[in-house]
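Undergrad: Following this message is one structure expressed as structure tokens.
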Amino acid sequence: MNNELFQQARAAYARRDYQEALAAYTQCLQDASRPLAPGETGLLYHQIGNCLVKLKDPGEAIHAYTQATADAAYDACGTVNYNLGMAYASLHDYEDAVKHFEVAVSDAKYDAPYKAYTGMGSALLKLGKSAEAGVAFREAALDEGNPDPTKALLNLGVCFMALNRPADAVASYESALQFDMQSETRNKLYANLGQAYVACGQMQKAVNAFEESIADKTYFLSDSASVDYQRAVAAVAQGTSEITQVMAPVPAAADMSGLDVAADGSAVYVDQDPYGSADPYYYADPYAQPSAYPASEGEERFFNASDEELEQWSRGLAKQERKRKNVGLKILVVIVLLVLAAFAASVFLYTQGWGYPSAQTVVEELFADPQAASSTLFADEVEPDSAATMTGQIAEGTELMGFDGVDASMSETVAYVTAETPEGGQMQYKVSLVRDLIGWKVSNIELYFASQN
């Protein structure tokens with residue numbers, strides 16, 4: 001194969017010049033001077049089909065993909081068949097779409113079957129095959145490689161409602177609630193859950209779900225959901241929040257398209273490079289393992305195993321979600337530990353004489369304005385006359401020079417200070433303080449002569 005020309009085609013596709021990419025891939029295919037190695041014919045037809053899809057020519061894309069599947073040496077059979085299924089779905093040929101989705105999930109090399117199962121379920125819903133669609137959506141939800149099983153669970157609930165199994169629909173919708181999703185999807189989920197609760201006769205739960213769906217005022221209930229909402233509100237008002245018989249069946253046409261099926265049946269294309277390069281391919285993440293329970297087993301498989309497997313899936317797949325949520329828990333634990341450490345440090349400092357205001361600050365304020373200090377800085381047990389006598393030992397204009405020492409404990413502190421008198425002399429004072437809540441108050445002031453002590 002002409003590798004230089006092939007790389008030119010890939011570069012053109014990467015910059016979204018699909019017409020040039022198509023021409024280069026076609027030229028590479030027809031270049032007789034560079035014989036194609038086994039598998040390269042399939043690769044080139046695969047890329048030609050991708051270009052044709054981007055150019056909105058699904059009919060020709062189907063022809064190119066079919067040529068790719070004819071190359072037995074090309075090992076992306078699952079990928080190409082998924083693309084074929086999507087192309088047929090875009091033409092509203094849902095029966096052929098289902099056939100190719102089934103081939104895709106049966107390819108052991110196909111590494112993302114959940115998208116093929118999702119496409120299959122959407123096509124089967126369009127064909128009115130709700131049970132078979134439910135099997136496909138359940139397989140999509142159960143696959144551990146599915147990064148977002150929410151929509152598969154939503155569509156599974158739609159299938160259960162179509163099969164008049166509202167209790168199973170409730171279980172499916174409630175399972176979806178444990179995952180993060182966009183607000184629009186969550187509102188739709190709660191609306192569907194409300195209708196399922198109504199069908200189960202659980203009117204109070206239905207009211208709660210409906211009100212949750214419209215709480216942010218961005219979502220509006222469908223006509224059928226509005227009717228169910230009013231019925232539920234009326235039932236709760238009459239004191240019949242739980243009824244054993246449904247008043248009316250859920251309309252078969254209500255929400256039957258599901259969230260993954262466009263109203264016009266058009267397909268959704270997902271670009272991905274099967275070889276890990278920068279070249280965007282028309283390639284969705286299909287699954288690597290074929291279904292252990294093909295859709296041909298129908299309703300028996302669908303009903304008998306879904307509860308058990310959903311529970312098993314919920315434990316396994318939700319582990320990743322719990323890990324993400326545990327990050328918040330770990331942060332909370334760290335915060336709590338920091339708070340406890342800060343509290344312990346505060347208690348320790350308190351026992352060592354720490355306070356606010358500190359003893360040193362109180363002494364500094366005392367010498368800054370002795371007269372005012374007599375009414376604000378002394379402990380409650382010190383009489384005003386005694387306080388005035390004590391402050392009288394500090395001559396007006398005396399300035400604090402520094403602390404000679406501080407003996408601090410939890411409840412009492414003694415500060416030894418030196419002050420300079422207005423005449424230029426130095427005096428030593430012993431200031432005793434007692435605890436006042438978290439701060440300190442002066443309990444005694446006396447002259448201190450270090451030579452005599």
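By convention here, the chains of the structure tokens are called A, B, ... in the order presented, each chain's residues are numbered starting at 1, and ligands are numbered starting at 1 in the order presented.
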So that I can see what lies close to Pro58 (chain A), please list as a list in words the residues with an atom at most 8 Å from it, counting only C-alpha atoms and leaving out residues fewer than 3 positions away in the same chain.
TA: Leu52, Val53, Ala61, Ile62, Ala87, Tyr88, Ser90 and Leu91 of chain A
Undergrad: Pick out each residue of region 9-229 of chain A that DSSP on the backbone tags as alpha helix (DSSP H); I need them as a VMD selection string.
TA: chain A and resid 9 to 14 18 to 30 40 to 54 58 to 69 77 to 90 94 to 105 113 to 126 130 to 142 150 to 162 166 to 176 183 to 200 203 to 213 223 to 229
Undergrad: What does the distance between CA of Val103 (chain A) and CA of Leu29 (chain A) come to in Å, to one decimal place?
TA: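 Between CA of Val103 (chain A) and CA of Leu29 (chain A) the gap works out to 25.9 Å.
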Undergrad: Considering only C-alpha atoms, can you say which of A:Glu211, A:Asp143, A:Asp369, A:Glu383 comes closest to Tyr229 (chain A)?
TA: A:Glu211
Undergrad: Fewer than 5 positions away in the same chain doesn't count, so skip those; otherwise give me all residues within 7 Å of region 159-162 of chain A, counting only C-alpha atoms, as a PyMOL selection string.
TA: chain A and resi 130-131+133-134+168-169+252
Undergrad: Could the residues in this selection be written to a file with N, CA and C atoms, as a PDB file, in the first residue's frame?
TA:
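Okay, this is what ended up in result_4.pdb:
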ATOM      1  N   SER A 130     -40.335  -4.928  22.156  1.00  0.00           N
ATOM      2  CA  SER A 130     -39.924  -4.371  23.449  1.00  0.00           C
ATOM      3  C   SER A 130     -39.117  -5.364  24.282  1.00  0.00           C
ATOM      4  N   ALA A 131     -39.512  -6.646  24.288  1.00  0.00           N
ATOM      5  CA  ALA A 131     -38.799  -7.637  25.099  1.00  0.00           C
ATOM      6  C   ALA A 131     -37.377  -7.825  24.601  1.00  0.00           C
ATOM      7  N   ALA A 133     -35.681  -5.725  22.812  1.00  0.00           N
ATOM      8  CA  ALA A 133     -34.966  -4.472  23.069  1.00  0.00           C
ATOM      9  C   ALA A 133     -34.491  -4.422  24.516  1.00  0.00           C
ATOM     10  N   GLY A 134     -35.347  -4.894  25.425  1.00  0.00           N
ATOM     11  CA  GLY A 134     -34.960  -4.917  26.827  1.00  0.00           C
ATOM     12  C   GLY A 134     -33.745  -5.782  27.072  1.00  0.00           C
ATOM     13  N   ASP A 168     -40.640  -3.699  37.693  1.00  0.00           N
ATOM     14  CA  ASP A 168     -39.293  -3.864  37.152  1.00  0.00           C
ATOM     15  C   ASP A 168     -38.772  -2.554  36.583  1.00  0.00           C
ATOM     16  N   ALA A 169     -39.673  -1.748  36.002  1.00  0.00           N
ATOM     17  CA  ALA A 169     -39.265  -0.433  35.504  1.00  0.00           C
ATOM     18  C   ALA A 169     -38.772   0.437  36.656  1.00  0.00           C
ATOM     19  N   ALA A 252     -49.309   2.778  25.686  1.00  0.00           N
ATOM     20  CA  ALA A 252     -48.196   2.101  25.029  1.00  0.00           C
ATOM     21  C   ALA A 252     -47.303   3.064  24.282  1.00  0.00           C
TER      22      ALA A 252
END
Undergrad: Have a look at CA of Tyr13 (chain A) and CA of Ala32 (chain A) and let me know their distance in Å, one decimal.
TA: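 Taking CA of Tyr13 (chain A) as the start and CA of Ala32 (chain A) as the end point, the length is 23.1 Å.
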Undergrad: So how many Å separate CA of Gln360 (chain A) and CA of Asp407 (chain A), to one decimal?
TA: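 Separation of CA of Gln360 (chain A) and CA of Asp407 (chain A): 11.2 Å.
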Undergrad: From the set A:Phe403, A:Tyr114, A:Tyr94, A:Tyr18, which residue has the shortest atom-to-atom contact distance to Tyr429 (chain A), counting only C-alpha atoms?
TA: A:Phe403
Undergrad: Pick the closest to Gly355 (chain A) from A:Gly239, A:Gly439, A:Pro422, A:Gly405: which is it, counting only C-alpha atoms?
TA: A:Gly439
Undergrad: Residues near Ala73 (chain A), anyone? I mean within 9 Å using only C-alpha atoms, not counting same-chain ones fewer than 4 positions away, as an NGL selection string.
TA: :A and (38-42)
Undergrad: Using only C-alpha atoms, pick whichever of A:Pro149, A:Pro35, A:Gly85, A:Gly49 has the shortest atom-to-atom distance to Gln19 (chain A).
TA: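 Ranked by minimum distance to Gln19 (chain A), first place goes to A:Gly49.
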